[in-house]
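See below for the structure under consideration.
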Amino acid sequence: RVVLLDAPDAQTVAAALEDDPHAFSIRLSHDGSSVTGVSAHAERYPLSTCSGATTPIRALVGAPLSVASLELKRHANPRSNCTHLFDLAAWAIAHAARGARGTTRYEIDVPDAIDGRHEAALRRDGVEVLRWVLKHGCIEAPAVYAGQQVLGGFTRWASSTLAGEELEHALMLARGYFVSLARIYDMAAAGSHPAAEHPMPSGSCYSYSPGVVEEAWSLPGNRRDFSDEPAALLRWFHG
């Protein structure tokens with residue numbers, strides 16, 4: 001997964017992410033204290049309804065600029081939004097809140113597990129800032145994270161234990177790990193089928209919201225494998 005945050009001027013952040021099943025972008029404007037505009041684009045997505053999430057993300061207009069993602073959740077319900085667009089907006093807002101200018105590129109590598117064990121790494125502008133050793137989804141190292149299940153209350157633990165960029169990096173890597181698990185499913189073999197048949201909790205995101213999930217179908221041809229060509233990630237994005 002690659003996440004790109006670009007502040008071409010003092011009032012704008014253009015952001016994008018891409019991984020195997022997703023490709024989204026956001027353009028955010030602000031006045032230095034709050035969000036004044038949000039537009040989103042869905043380039044590639046796993047369910048037929050996902051592109052509709054470009055509308056509810058506009059509810060972030062008026063949200064305060066903050067490096068804390070919890071502030072954003074107080075302003076808008078993340079479960080009414082696409083998980084990945086909401087994450088991207090949070091990272092874009094944090095980028096603006098820090099007064100960052102220019103481009104920051106994050107790269108997340110989560111190789112497939114062997115005997116339940118693997119490593120996950122996050123790089124910022126080519127420099128590794130976080131690496132986890134995991135076994136069956138439980139972090140073994142580094143020590144501060146040891147014993148934490150990435151998919152079991154990790155956000156709550158991280159938000160109460162970490163702060164600043166360390167928290168942002170941990171949540172970014174956790175989301176990358178979560179997305180990487182989709183690689184174990186052969187969506188092409190499964191064919192197109194109703195999203196309501198998936199083992200996802202109702203109301204967990206925009207496409208699984210009541211009134212939307214009933215119309216959602218999987219898109220088996222959406223996935224891309226960047227294992228051998230990571231440079232192709234975000235090739236479609238032009239800021």
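We label chains A, B, ... in the order they appear in the structure tokens, count residues from 1 in each chain, and number ligands from 1 in the order shown.
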Open item on the list: To test your reading of the structure, identify every residue in range 7-36 of chain A that backbone DSSP assigns to strand (DSSP E or B), and report it as a PyMOL selection string.
Closed with: chain A and resi 7-9+12-18+23-30+34-36
Let me see the file: selected residues, N, CA, C and O atoms, as an mmCIF file, in the first residue's frame.
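Once everything was written out, this is again11.cif:
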```cif
data_model
loop_
_atom_site.group_PDB
_atom_site.id
_atom_site.type_symbol
_atom_site.label_atom_id
_atom_site.label_comp_id
_atom_site.auth_asym_id
_atom_site.auth_seq_id
_atom_site.Cartn_x
_atom_site.Cartn_y
_atom_site.Cartn_z
ATOM 1 N N ALA A 7 0.903 18.828 -0.111
ATOM 2 C CA ALA A 7 0.395 20.170 0.176
ATOM 3 C C ALA A 7 1.047 21.135 -0.806
ATOM 4 O O ALA A 7 2.144 21.651 -0.552
ATOM 5 N N PRO A 8 0.405 21.391 -1.952
ATOM 6 C CA PRO A 8 1.006 22.266 -2.959
ATOM 7 C C PRO A 8 1.015 23.726 -2.557
ATOM 8 O O PRO A 8 1.778 24.525 -3.100
ATOM 9 N N ASP A 9 0.135 24.095 -1.609
ATOM 10 C CA ASP A 9 0.102 25.466 -1.115
ATOM 11 C C ASP A 9 -0.380 25.442 0.335
ATOM 12 O O ASP A 9 -0.626 24.372 0.897
ATOM 13 N N THR A 12 -4.204 23.808 0.810
ATOM 14 C CA THR A 12 -4.660 22.619 0.085
ATOM 15 C C THR A 12 -3.826 21.398 0.436
ATOM 16 O O THR A 12 -2.606 21.505 0.611
ATOM 17 N N VAL A 13 -4.498 20.245 0.530
ATOM 18 C CA VAL A 13 -3.803 18.960 0.605
ATOM 19 C C VAL A 13 -4.468 18.015 -0.388
ATOM 20 O O VAL A 13 -5.686 17.821 -0.358
ATOM 21 N N ALA A 14 -3.672 17.473 -1.288
ATOM 22 C CA ALA A 14 -4.139 16.433 -2.204
ATOM 23 C C ALA A 14 -3.570 15.114 -1.699
ATOM 24 O O ALA A 14 -2.369 15.007 -1.447
ATOM 25 N N ALA A 15 -4.424 14.113 -1.533
ATOM 26 C CA ALA A 15 -3.997 12.851 -0.931
ATOM 27 C C ALA A 15 -4.542 11.684 -1.733
ATOM 28 O O ALA A 15 -5.619 11.769 -2.330
ATOM 29 N N ALA A 16 -3.799 10.584 -1.729
ATOM 30 C CA ALA A 16 -4.236 9.393 -2.450
ATOM 31 C C ALA A 16 -3.672 8.155 -1.784
ATOM 32 O O ALA A 16 -2.620 8.203 -1.122
ATOM 33 N N LEU A 17 -4.363 7.038 -1.960
ATOM 34 C CA LEU A 17 -3.845 5.751 -1.505
ATOM 35 C C LEU A 17 -4.181 4.691 -2.539
ATOM 36 O O LEU A 17 -5.165 4.796 -3.264
ATOM 37 N N GLU A 18 -3.349 3.666 -2.587
ATOM 38 C CA GLU A 18 -3.623 2.521 -3.457
ATOM 39 C C GLU A 18 -3.015 1.277 -2.844
ATOM 40 O O GLU A 18 -1.929 1.300 -2.262
ATOM 41 N N ALA A 23 -8.186 2.074 -4.627
ATOM 42 C CA ALA A 23 -7.469 3.250 -5.138
ATOM 43 C C ALA A 23 -8.407 4.447 -4.987
ATOM 44 O O ALA A 23 -9.443 4.519 -5.662
ATOM 45 N N PHE A 24 -8.074 5.359 -4.073
ATOM 46 C CA PHE A 24 -8.908 6.518 -3.770
ATOM 47 C C PHE A 24 -8.046 7.766 -3.688
ATOM 48 O O PHE A 24 -6.849 7.692 -3.398
ATOM 49 N N SER A 25 -8.682 8.920 -3.891
ATOM 50 C CA SER A 25 -7.979 10.189 -3.686
ATOM 51 C C SER A 25 -8.929 11.215 -3.077
ATOM 52 O O SER A 25 -10.154 11.080 -3.175
ATOM 53 N N ILE A 26 -8.335 12.207 -2.446
ATOM 54 C CA ILE A 26 -9.076 13.288 -1.802
ATOM 55 C C ILE A 26 -8.354 14.603 -2.073
ATOM 56 O O ILE A 26 -7.122 14.648 -2.096
ATOM 57 N N ARG A 27 -9.130 15.638 -2.265
ATOM 58 C CA ARG A 27 -8.569 16.988 -2.322
ATOM 59 C C ARG A 27 -9.258 17.802 -1.237
ATOM 60 O O ARG A 27 -10.485 17.935 -1.233
ATOM 61 N N LEU A 28 -8.469 18.319 -0.336
ATOM 62 C CA LEU A 28 -8.983 18.995 0.857
ATOM 63 C C LEU A 28 -8.497 20.433 0.879
ATOM 64 O O LEU A 28 -7.323 20.701 0.637
ATOM 65 N N SER A 29 -9.410 21.352 1.182
ATOM 66 C CA SER A 29 -9.026 22.757 1.347
ATOM 67 C C SER A 29 -9.306 23.164 2.789
ATOM 68 O O SER A 29 -10.182 22.606 3.454
ATOM 69 N N HIS A 30 -8.557 24.137 3.281
ATOM 70 C CA HIS A 30 -8.696 24.578 4.667
ATOM 71 C C HIS A 30 -8.252 26.027 4.793
ATOM 72 O O HIS A 30 -7.604 26.585 3.899
ATOM 73 N N SER A 34 -9.686 25.039 10.095
ATOM 74 C CA SER A 34 -10.721 24.037 9.866
ATOM 75 C C SER A 34 -10.811 23.700 8.377
ATOM 76 O O SER A 34 -10.291 24.434 7.521
ATOM 77 N N VAL A 35 -11.478 22.598 8.091
ATOM 78 C CA VAL A 35 -11.661 22.141 6.708
ATOM 79 C C VAL A 35 -12.745 22.982 6.042
ATOM 80 O O VAL A 35 -13.839 23.146 6.583
ATOM 81 N N THR A 36 -12.447 23.517 4.865
ATOM 82 C CA THR A 36 -13.416 24.340 4.146
ATOM 83 C C THR A 36 -13.978 23.643 2.907
ATOM 84 O O THR A 36 -14.972 24.094 2.341
#
```
- [ ] Do a neighbour search on Leu65 in chain A at 10 Å with only C-alpha atoms, toss out local chain neighbours closer than 3 positions, and write the hits as a PyMOL selection string.
- [x] chain A and resi 30-35+62+68-69+71-72+90+92-98
Write out as JSON lines a residue-level contact list of range 131-194 of chain A versus range 112-116 of chain A with cut-off 8 Å: for each qualifying residue the closest pair of atoms and the distance in Å to one decimal, counting only C-alpha atoms, rows sorted by chain and residue number upward.
```
{"residue": "A:Lys135", "atom": "CA", "partner": "A:Gly116", "partner_atom": "CA", "distance": 5.3}
{"residue": "A:His136", "atom": "CA", "partner": "A:Gly116", "partner_atom": "CA", "distance": 4.9}
{"residue": "A:Gly137", "atom": "CA", "partner": "A:Gly116", "partner_atom": "CA", "distance": 7.9}
{"residue": "A:Ser180", "atom": "CA", "partner": "A:Asp112", "partner_atom": "CA", "distance": 8.0}
```
Could those selected residues go to a file with N, CA, C and O atoms, as a PDB file, in the first residue's frame?
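again-v8.pdb was written with the following content:
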```pdb
ATOM      1  N   LYS A 135       2.896 -12.884  14.633  1.00  0.00           N
ATOM      2  CA  LYS A 135       2.558 -14.294  14.507  1.00  0.00           C
ATOM      3  C   LYS A 135       1.064 -14.433  14.719  1.00  0.00           C
ATOM      4  O   LYS A 135       0.536 -14.058  15.766  1.00  0.00           O
ATOM      5  N   HIS A 136       0.392 -14.917  13.677  1.00  0.00           N
ATOM      6  CA  HIS A 136      -1.059 -15.070  13.693  1.00  0.00           C
ATOM      7  C   HIS A 136      -1.756 -13.772  14.114  1.00  0.00           C
ATOM      8  O   HIS A 136      -2.725 -13.771  14.874  1.00  0.00           O
ATOM      9  N   GLY A 137      -1.259 -12.647  13.605  1.00  0.00           N
ATOM     10  CA  GLY A 137      -1.889 -11.365  13.847  1.00  0.00           C
ATOM     11  C   GLY A 137      -1.541 -10.713  15.162  1.00  0.00           C
ATOM     12  O   GLY A 137      -2.011  -9.609  15.442  1.00  0.00           O
ATOM     13  N   SER A 180      -4.094  -6.215   3.837  1.00  0.00           N
ATOM     14  CA  SER A 180      -3.289  -7.299   3.273  1.00  0.00           C
ATOM     15  C   SER A 180      -3.961  -8.656   3.407  1.00  0.00           C
ATOM     16  O   SER A 180      -3.694  -9.571   2.620  1.00  0.00           O
TER      17      SER A 180
END
```
Task: Every residue of range 6-215 of chain A that DSSP places in helix (DSSP H, G or I), as a ChimeraX atom specification - done: /A:50-54,56-60,69-75,78-80,83-97,143-145,154-161,164-184,187-190,195-197,206-208,213-215
Deliver the residues from the most recent selection as a file, using C-alpha atoms, as an mmCIF file, in the first residue's frame.
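The file below, selection-v9.cif, is the result:
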```
data_model
loop_
_atom_site.group_PDB
_atom_site.id
_atom_site.type_symbol
_atom_site.label_atom_id
_atom_site.label_comp_id
_atom_site.auth_asym_id
_atom_site.auth_seq_id
_atom_site.Cartn_x
_atom_site.Cartn_y
_atom_site.Cartn_z
ATOM 1 C CA CYS A 50 -18.068 2.056 -2.780
ATOM 2 C CA SER A 51 -17.947 5.006 -5.163
ATOM 3 C CA GLY A 52 -21.033 6.402 -3.414
ATOM 4 C CA ALA A 53 -18.856 7.073 -0.356
ATOM 5 C CA THR A 54 -17.428 10.123 -2.126
ATOM 6 C CA PRO A 56 -20.715 11.406 2.828
ATOM 7 C CA ILE A 57 -17.036 12.332 3.190
ATOM 8 C CA ARG A 58 -18.118 15.925 2.466
ATOM 9 C CA ALA A 59 -19.499 15.998 6.010
ATOM 10 C CA LEU A 60 -15.936 16.703 7.118
ATOM 11 C CA SER A 69 -7.898 11.181 14.392
ATOM 12 C CA LEU A 70 -10.285 11.008 17.365
ATOM 13 C CA GLU A 71 -11.166 14.671 16.747
ATOM 14 C CA LEU A 72 -12.348 13.743 13.268
ATOM 15 C CA LYS A 73 -14.518 10.933 14.629
ATOM 16 C CA ARG A 74 -16.249 13.435 16.893
ATOM 17 C CA HIS A 75 -17.166 15.490 13.842
ATOM 18 C CA PRO A 78 -16.518 6.900 10.250
ATOM 19 C CA ARG A 79 -18.919 3.963 9.917
ATOM 20 C CA SER A 80 -21.103 6.046 7.599
ATOM 21 C CA THR A 83 -13.040 3.250 5.903
ATOM 22 C CA HIS A 84 -10.213 4.059 3.513
ATOM 23 C CA LEU A 85 -11.477 7.457 2.401
ATOM 24 C CA PHE A 86 -12.025 8.404 6.045
ATOM 25 C CA ASP A 87 -8.492 7.285 6.935
ATOM 26 C CA LEU A 88 -7.104 9.239 3.997
ATOM 27 C CA ALA A 89 -8.990 12.356 5.078
ATOM 28 C CA ALA A 90 -7.631 11.988 8.626
ATOM 29 C CA TRP A 91 -4.058 11.757 7.331
ATOM 30 C CA ALA A 92 -4.610 14.729 5.003
ATOM 31 C CA ILE A 93 -6.003 16.810 7.873
ATOM 32 C CA ALA A 94 -3.069 15.861 10.111
ATOM 33 C CA HIS A 95 -0.713 16.861 7.277
ATOM 34 C CA ALA A 96 -2.424 20.262 7.100
ATOM 35 C CA ALA A 97 -2.476 20.654 10.881
ATOM 36 C CA ALA A 143 8.501 -4.486 22.823
ATOM 37 C CA VAL A 144 6.084 -1.549 23.187
ATOM 38 C CA TYR A 145 3.620 -3.349 20.878
ATOM 39 C CA PHE A 154 -5.654 -2.211 18.578
ATOM 40 C CA THR A 155 -6.993 1.268 17.767
ATOM 41 C CA ARG A 156 -8.298 1.712 21.307
ATOM 42 C CA TRP A 157 -4.990 0.524 22.816
ATOM 43 C CA ALA A 158 -2.862 2.648 20.482
ATOM 44 C CA SER A 159 -4.951 5.787 21.058
ATOM 45 C CA SER A 160 -4.506 5.460 24.829
ATOM 46 C CA THR A 161 -0.814 4.501 24.713
ATOM 47 C CA GLY A 164 1.696 12.168 17.678
ATOM 48 C CA GLU A 165 3.375 10.664 14.662
ATOM 49 C CA GLU A 166 4.026 7.406 16.528
ATOM 50 C CA LEU A 167 0.268 6.906 16.841
ATOM 51 C CA GLU A 168 -0.319 7.921 13.224
ATOM 52 C CA HIS A 169 2.316 5.469 12.002
ATOM 53 C CA ALA A 170 0.911 2.628 14.107
ATOM 54 C CA LEU A 171 -2.641 3.145 12.848
ATOM 55 C CA MET A 172 -1.428 3.447 9.268
ATOM 56 C CA LEU A 173 0.509 0.180 9.515
ATOM 57 C CA ALA A 174 -2.412 -1.549 11.250
ATOM 58 C CA ARG A 175 -4.750 -0.567 8.422
ATOM 59 C CA GLY A 176 -2.225 -1.806 5.878
ATOM 60 C CA TYR A 177 -2.057 -5.129 7.701
ATOM 61 C CA PHE A 178 -5.847 -5.394 7.716
ATOM 62 C CA VAL A 179 -6.044 -4.766 3.958
ATOM 63 C CA SER A 180 -3.289 -7.299 3.273
ATOM 64 C CA LEU A 181 -5.497 -10.095 4.596
ATOM 65 C CA ALA A 182 -7.692 -9.749 1.502
ATOM 66 C CA ARG A 183 -4.935 -11.519 -0.433
ATOM 67 C CA ILE A 184 -5.983 -14.876 1.023
ATOM 68 C CA MET A 187 -12.222 -13.063 -5.527
ATOM 69 C CA ALA A 188 -12.028 -13.959 -9.202
ATOM 70 C CA ALA A 189 -12.938 -17.570 -8.429
ATOM 71 C CA ALA A 190 -15.779 -16.431 -6.165
ATOM 72 C CA ALA A 195 -21.957 -8.033 -0.369
ATOM 73 C CA ALA A 196 -24.581 -9.045 2.195
ATOM 74 C CA GLU A 197 -23.172 -12.583 1.917
ATOM 75 C CA TYR A 206 -20.537 2.895 3.988
ATOM 76 C CA SER A 207 -21.089 -0.096 1.707
ATOM 77 C CA TYR A 208 -22.231 -2.267 4.616
ATOM 78 C CA VAL A 213 -25.467 -3.152 1.487
ATOM 79 C CA GLU A 214 -28.643 -4.514 -0.093
ATOM 80 C CA GLU A 215 -27.508 -2.989 -3.407
#
```
Fewer than 4 positions away in the same chain doesn't count, so skip those; otherwise give me all residues within 6 Å of Arg1 in chain A, counting only C-alpha atoms, as a PDB file with all heavy atoms, in the first residue's frame.
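Dumped everything to part_4.pdb:
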```
ATOM      1  N   GLU A  18      -3.349   3.666  -2.587  1.00  0.00           N
ATOM      2  CA  GLU A  18      -3.623   2.521  -3.457  1.00  0.00           C
ATOM      3  C   GLU A  18      -3.015   1.277  -2.844  1.00  0.00           C
ATOM      4  O   GLU A  18      -1.929   1.300  -2.262  1.00  0.00           O
ATOM      5  CB  GLU A  18      -3.068   2.738  -4.869  1.00  0.00           C
ATOM      6  CG  GLU A  18      -3.454   1.614  -5.819  1.00  0.00           C
ATOM      7  CD  GLU A  18      -3.231   1.936  -7.293  1.00  0.00           C
ATOM      8  OE1 GLU A  18      -2.368   2.786  -7.593  1.00  0.00           O
ATOM      9  OE2 GLU A  18      -3.922   1.330  -8.138  1.00  0.00           O
ATOM     10  N   ASP A  19      -3.750   0.168  -2.972  1.00  0.00           N
ATOM     11  CA  ASP A  19      -3.275  -1.148  -2.564  1.00  0.00           C
ATOM     12  C   ASP A  19      -3.932  -2.173  -3.481  1.00  0.00           C
ATOM     13  O   ASP A  19      -4.504  -1.802  -4.510  1.00  0.00           O
ATOM     14  CB  ASP A  19      -3.583  -1.407  -1.076  1.00  0.00           C
ATOM     15  CG  ASP A  19      -5.042  -1.153  -0.721  1.00  0.00           C
ATOM     16  OD1 ASP A  19      -5.922  -1.571  -1.507  1.00  0.00           O
ATOM     17  OD2 ASP A  19      -5.314  -0.541   0.320  1.00  0.00           O
ATOM     18  N   GLU A 107       4.981   4.097   2.397  1.00  0.00           N
ATOM     19  CA  GLU A 107       4.909   2.789   1.745  1.00  0.00           C
ATOM     20  C   GLU A 107       4.772   1.715   2.823  1.00  0.00           C
ATOM     21  O   GLU A 107       5.531   1.700   3.794  1.00  0.00           O
ATOM     22  CB  GLU A 107       6.168   2.532   0.916  1.00  0.00           C
ATOM     23  CG  GLU A 107       6.348   3.550  -0.203  1.00  0.00           C
ATOM     24  CD  GLU A 107       7.720   3.453  -0.867  1.00  0.00           C
ATOM     25  OE1 GLU A 107       8.646   2.910  -0.231  1.00  0.00           O
ATOM     26  OE2 GLU A 107       7.847   3.903  -2.010  1.00  0.00           O
ATOM     27  N   ILE A 108       3.786   0.854   2.653  1.00  0.00           N
ATOM     28  CA  ILE A 108       3.512  -0.206   3.621  1.00  0.00           C
ATOM     29  C   ILE A 108       3.699  -1.548   2.941  1.00  0.00           C
ATOM     30  O   ILE A 108       3.058  -1.834   1.916  1.00  0.00           O
ATOM     31  CB  ILE A 108       2.074  -0.087   4.164  1.00  0.00           C
ATOM     32  CG1 ILE A 108       1.879   1.273   4.839  1.00  0.00           C
ATOM     33  CG2 ILE A 108       1.768  -1.224   5.138  1.00  0.00           C
ATOM     34  CD1 ILE A 108       0.437   1.613   5.129  1.00  0.00           C
TER      35      ILE A 108
END
```
TODO: Tell me, in Å to one decimal, how far CA of Arg117 in chain A is from CA of Trp132 in chain A.
DONE: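 So the answer is 10.7 Å.
CA of Gly203 in chain A sits 26.6 Å away from CA of Val2 in chain A.
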Can you write out as a tab-separated table which residues of range 77-123 of chain A fall within 12 Å of range 228-239 of chain A, alongside each residue's closest atom pair and its distance in Å to one decimal, counting only C-alpha atoms and ordering rows by chain and ascending residue number?
```
residue	atom	partner	partner_atom	distance
A:Gly102	CA	A:Gly239	CA	11.4
A:Thr103	CA	A:Gly239	CA	10.1
A:Arg105	CA	A:Leu234	CA	10.8
A:Tyr106	CA	A:Leu233	CA	11.5
A:Glu107	CA	A:Pro230	CA	9.5
A:Ile108	CA	A:Pro230	CA	10.5
A:Asp109	CA	A:Pro230	CA	9.9
A:Pro111	CA	A:Asp228	CA	12.0
```
Filtering to N, CA, C and O atoms, could you give me those residues as a PDB file, in the first residue's frame?
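Saved result, again_19.pdb, follows:
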```
ATOM      1  N   GLY A 102       4.685  20.454   0.538  1.00  0.00           N
ATOM      2  CA  GLY A 102       5.304  19.463  -0.323  1.00  0.00           C
ATOM      3  C   GLY A 102       4.690  18.093  -0.122  1.00  0.00           C
ATOM      4  O   GLY A 102       3.612  17.945   0.448  1.00  0.00           O
ATOM      5  N   THR A 103       5.412  17.069  -0.584  1.00  0.00           N
ATOM      6  CA  THR A 103       4.878  15.713  -0.643  1.00  0.00           C
ATOM      7  C   THR A 103       5.528  14.794   0.372  1.00  0.00           C
ATOM      8  O   THR A 103       6.747  14.808   0.549  1.00  0.00           O
ATOM      9  N   ARG A 105       5.450  10.629   1.219  1.00  0.00           N
ATOM     10  CA  ARG A 105       5.023   9.340   0.665  1.00  0.00           C
ATOM     11  C   ARG A 105       5.258   8.235   1.690  1.00  0.00           C
ATOM     12  O   ARG A 105       6.375   8.083   2.207  1.00  0.00           O
ATOM     13  N   TYR A 106       4.204   7.492   1.992  1.00  0.00           N
ATOM     14  CA  TYR A 106       4.284   6.351   2.897  1.00  0.00           C
ATOM     15  C   TYR A 106       4.144   5.060   2.094  1.00  0.00           C
ATOM     16  O   TYR A 106       3.262   4.962   1.232  1.00  0.00           O
ATOM     17  N   GLU A 107       4.981   4.097   2.397  1.00  0.00           N
ATOM     18  CA  GLU A 107       4.909   2.789   1.745  1.00  0.00           C
ATOM     19  C   GLU A 107       4.772   1.715   2.823  1.00  0.00           C
ATOM     20  O   GLU A 107       5.531   1.700   3.794  1.00  0.00           O
ATOM     21  N   ILE A 108       3.786   0.854   2.653  1.00  0.00           N
ATOM     22  CA  ILE A 108       3.512  -0.206   3.621  1.00  0.00           C
ATOM     23  C   ILE A 108       3.699  -1.548   2.941  1.00  0.00           C
ATOM     24  O   ILE A 108       3.058  -1.834   1.916  1.00  0.00           O
ATOM     25  N   ASP A 109       4.576  -2.372   3.498  1.00  0.00           N
ATOM     26  CA  ASP A 109       4.842  -3.711   2.970  1.00  0.00           C
ATOM     27  C   ASP A 109       4.411  -4.745   3.994  1.00  0.00           C
ATOM     28  O   ASP A 109       4.864  -4.717   5.143  1.00  0.00           O
ATOM     29  N   PRO A 111       4.339  -8.702   3.606  1.00  0.00           N
ATOM     30  CA  PRO A 111       4.463  -9.956   2.851  1.00  0.00           C
ATOM     31  C   PRO A 111       3.510 -11.012   3.392  1.00  0.00           C
ATOM     32  O   PRO A 111       3.126 -10.993   4.575  1.00  0.00           O
TER      33      PRO A 111
END
```
Task: Counting only C-alpha atoms, the residue of A:Arg101, A:Arg224, A:Arg123, A:His198 that sits nearest Leu47 in chain A - done: A:His198
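Using only C-alpha atoms, the protein and nucleic acid residues lying no more than 8 Å from Ser218 in chain A, apart from those fewer than 2 places from it along its own chain, are Pro46, Leu47, Ser48, Gly191, Ser192, His193, Pro194, Ala195, Ala216 and Pro220 of chain A.
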